[in-house]
Amino acid sequence: MGLDKPYTDVPGTTIFDADQARKGYHLNQFCMSLMKAANRERFKADERAYLAEWPMTEEQRQAVLARNYNRMIELGGNVYFLAKIFSTDGKSFQHAAALMTGMTQEAYARMMLDGGRSAEGNRYTWEWEQAAGAVSTQAAADPLADTSRKEQH
């Protein structure tokens, strides 16, 4: 019997729970190995060979090689462990976060300085369905109302 995980219904969000920790154990251990300078040098010299020393899945290895942080998270990576990879590459957390959100680093920095991402549109899928129903009901009641425009904050 599995645990109830209501957070799995949040689109675009992967919660690092016990299942994710088990799935990403070797990926995260690899990341932690990069805390040692000698391991960082070995990794940078031959990434594929260094990754082969870790019992990760091929999908995890490919995600590391591609620096696809979102995929690594899906495959059990924890962003705080993954930070060892982008630090090894000489990149900042801000750089990686911008990549993960599909933004430029400048746009990501501006969004954060302006108060962060709006909660609008970051809902449970059932809330999206409920909101869509409310919009449809409103549109049916007043077909001239412009429901496509939302107040910007």
# chains A, B, ... in the order shown; residues from 1 in each chain; ligands from 1
>>> select_by_dssp(residues="chain A", states="helix (DSSP H, G or I)", output="PDB file with C-alpha atoms, in the first residue's frame")
ATOM      1  CA  PRO A   6      -1.185  14.775  -3.098  1.00  0.00           C
ATOM      2  CA  TYR A   7       1.876  16.758  -4.201  1.00  0.00           C
ATOM      3  CA  THR A   8       2.236  14.588  -7.313  1.00  0.00           C
ATOM      4  CA  ASP A   9      -0.630  16.624  -8.789  1.00  0.00           C
ATOM      5  CA  ALA A  18      11.880   8.940  -0.004  1.00  0.00           C
ATOM      6  CA  ASP A  19      11.021   7.364  -3.385  1.00  0.00           C
ATOM      7  CA  GLN A  20      13.014  10.016  -5.243  1.00  0.00           C
ATOM      8  CA  ALA A  21      15.893   9.625  -2.784  1.00  0.00           C
ATOM      9  CA  ARG A  22      16.047   5.878  -3.466  1.00  0.00           C
ATOM     10  CA  LYS A  23      15.802   6.390  -7.224  1.00  0.00           C
ATOM     11  CA  TYR A  25      20.856   7.574  -4.588  1.00  0.00           C
ATOM     12  CA  HIS A  26      23.801   6.792  -6.892  1.00  0.00           C
ATOM     13  CA  LEU A  27      23.317   9.962  -8.942  1.00  0.00           C
ATOM     14  CA  ASN A  28      23.425  12.030  -5.759  1.00  0.00           C
ATOM     15  CA  GLN A  29      26.441  10.094  -4.420  1.00  0.00           C
ATOM     16  CA  PHE A  30      28.250  10.836  -7.691  1.00  0.00           C
ATOM     17  CA  CYS A  31      27.427  14.523  -7.210  1.00  0.00           C
ATOM     18  CA  MET A  32      28.771  14.468  -3.666  1.00  0.00           C
ATOM     19  CA  SER A  33      32.005  12.913  -4.925  1.00  0.00           C
ATOM     20  CA  ALA A  37      39.177  18.374  -6.065  1.00  0.00           C
ATOM     21  CA  ALA A  38      40.784  15.142  -7.314  1.00  0.00           C
ATOM     22  CA  ASN A  39      37.361  13.771  -8.296  1.00  0.00           C
ATOM     23  CA  ARG A  40      36.405  17.006 -10.060  1.00  0.00           C
ATOM     24  CA  GLU A  41      39.602  16.800 -12.099  1.00  0.00           C
ATOM     25  CA  ARG A  42      38.970  13.152 -13.007  1.00  0.00           C
ATOM     26  CA  PHE A  43      35.387  13.983 -13.997  1.00  0.00           C
ATOM     27  CA  LYS A  44      36.430  16.968 -16.133  1.00  0.00           C
ATOM     28  CA  ALA A  45      39.166  14.909 -17.822  1.00  0.00           C
ATOM     29  CA  GLU A  47      33.157  12.562 -17.869  1.00  0.00           C
ATOM     30  CA  ARG A  48      31.890   9.341 -19.453  1.00  0.00           C
ATOM     31  CA  ALA A  49      34.636   7.220 -17.805  1.00  0.00           C
ATOM     32  CA  TYR A  50      34.073   8.806 -14.392  1.00  0.00           C
ATOM     33  CA  LEU A  51      30.308   8.316 -14.628  1.00  0.00           C
ATOM     34  CA  ALA A  52      30.847   4.647 -15.555  1.00  0.00           C
ATOM     35  CA  GLU A  58      22.055   5.171 -18.460  1.00  0.00           C
ATOM     36  CA  GLU A  59      19.281   7.794 -18.400  1.00  0.00           C
ATOM     37  CA  GLN A  60      20.906   9.406 -15.379  1.00  0.00           C
ATOM     38  CA  ARG A  61      24.328   9.374 -17.062  1.00  0.00           C
ATOM     39  CA  GLN A  62      22.889  10.932 -20.224  1.00  0.00           C
ATOM     40  CA  ALA A  63      21.161  13.652 -18.201  1.00  0.00           C
ATOM     41  CA  VAL A  64      24.466  14.477 -16.475  1.00  0.00           C
ATOM     42  CA  LEU A  65      26.367  14.573 -19.769  1.00  0.00           C
ATOM     43  CA  ALA A  66      23.682  16.832 -21.294  1.00  0.00           C
ATOM     44  CA  TYR A  69      19.078  19.396 -14.576  1.00  0.00           C
ATOM     45  CA  ASN A  70      15.311  19.041 -14.886  1.00  0.00           C
ATOM     46  CA  ARG A  71      15.762  15.488 -16.155  1.00  0.00           C
ATOM     47  CA  MET A  72      18.236  14.726 -13.369  1.00  0.00           C
ATOM     48  CA  ILE A  73      15.625  15.893 -10.856  1.00  0.00           C
ATOM     49  CA  GLU A  74      12.995  13.655 -12.484  1.00  0.00           C
ATOM     50  CA  VAL A  79      19.068  20.129  -6.646  1.00  0.00           C
ATOM     51  CA  TYR A  80      21.438  20.681  -3.715  1.00  0.00           C
ATOM     52  CA  PHE A  81      23.497  17.661  -4.758  1.00  0.00           C
ATOM     53  CA  LEU A  82      23.253  18.652  -8.434  1.00  0.00           C
ATOM     54  CA  ALA A  83      24.808  21.976  -7.442  1.00  0.00           C
ATOM     55  CA  LYS A  84      28.134  20.113  -7.274  1.00  0.00           C
ATOM     56  CA  ILE A  85      27.907  19.535 -11.044  1.00  0.00           C
ATOM     57  CA  PHE A  86      27.263  23.130 -12.043  1.00  0.00           C
ATOM     58  CA  SER A  87      29.825  24.324  -9.526  1.00  0.00           C
ATOM     59  CA  THR A  88      32.347  21.970 -11.139  1.00  0.00           C
ATOM     60  CA  PHE A  93      23.068  28.433  -8.845  1.00  0.00           C
ATOM     61  CA  GLN A  94      21.361  31.347 -10.592  1.00  0.00           C
ATOM     62  CA  HIS A  95      22.669  30.119 -13.951  1.00  0.00           C
ATOM     63  CA  ALA A  96      21.327  26.608 -13.320  1.00  0.00           C
ATOM     64  CA  ALA A  97      17.964  27.881 -12.055  1.00  0.00           C
ATOM     65  CA  ALA A  98      17.604  30.008 -15.188  1.00  0.00           C
ATOM     66  CA  LEU A  99      18.288  26.936 -17.354  1.00  0.00           C
ATOM     67  CA  MET A 100      15.725  24.909 -15.405  1.00  0.00           C
ATOM     68  CA  THR A 101      13.050  27.572 -15.893  1.00  0.00           C
ATOM     69  CA  GLN A 105      20.073  34.314 -16.438  1.00  0.00           C
ATOM     70  CA  GLU A 106      19.251  38.022 -16.679  1.00  0.00           C
ATOM     71  CA  ALA A 107      15.498  37.380 -16.974  1.00  0.00           C
ATOM     72  CA  TYR A 108      15.614  34.915 -14.074  1.00  0.00           C
ATOM     73  CA  ALA A 109      17.498  37.429 -11.887  1.00  0.00           C
ATOM     74  CA  ARG A 110      14.985  40.160 -12.773  1.00  0.00           C
ATOM     75  CA  MET A 111      12.034  37.878 -11.959  1.00  0.00           C
ATOM     76  CA  MET A 112      13.526  37.052  -8.554  1.00  0.00           C
ATOM     77  CA  LEU A 113      14.342  40.698  -7.798  1.00  0.00           C
ATOM     78  CA  THR A 125      -4.267  20.174 -11.994  1.00  0.00           C
ATOM     79  CA  TRP A 126      -7.707  19.920 -10.370  1.00  0.00           C
ATOM     80  CA  GLU A 127      -7.533  23.670  -9.689  1.00  0.00           C
ATOM     81  CA  TRP A 128      -6.777  24.290 -13.375  1.00  0.00           C
ATOM     82  CA  GLU A 129      -9.833  22.258 -14.304  1.00  0.00           C
ATOM     83  CA  GLN A 130     -11.918  24.095 -11.715  1.00  0.00           C
ATOM     84  CA  ALA A 131     -10.652  27.487 -12.956  1.00  0.00           C
ATOM     85  CA  ALA A 132     -11.338  26.492 -16.569  1.00  0.00           C
ATOM     86  CA  GLY A 133     -14.880  25.597 -15.567  1.00  0.00           C
ATOM     87  CA  ALA A 134     -15.337  28.982 -13.896  1.00  0.00           C
ATOM     88  CA  VAL A 135     -14.061  30.777 -17.000  1.00  0.00           C
ATOM     89  CA  SER A 136     -16.384  28.745 -19.222  1.00  0.00           C
ATOM     90  CA  THR A 137     -19.328  29.530 -16.942  1.00  0.00           C
ATOM     91  CA  GLN A 138     -18.439  33.242 -16.939  1.00  0.00           C
ATOM     92  CA  ALA A 139     -18.008  33.284 -20.724  1.00  0.00           C
ATOM     93  CA  ALA A 140     -21.387  31.616 -21.201  1.00  0.00           C
ATOM     94  CA  ALA A 141     -23.044  34.195 -18.925  1.00  0.00           C
TER      95      ALA A 141
END
>>> atom_distance(atom1="atom CA of Trp54 of chain A", atom2="atom CA of Thr13 of chain A")
26.6 Å
>>> atom_distance(atom1="atom CA of Phe16 of chain A", atom2="atom CA of Pro55 of chain A")
20.0 Å
>>> atom_distance(atom1="atom CA of Glu53 of chain A", atom2="atom CA of Gly90 of chain A")
22.9 Å
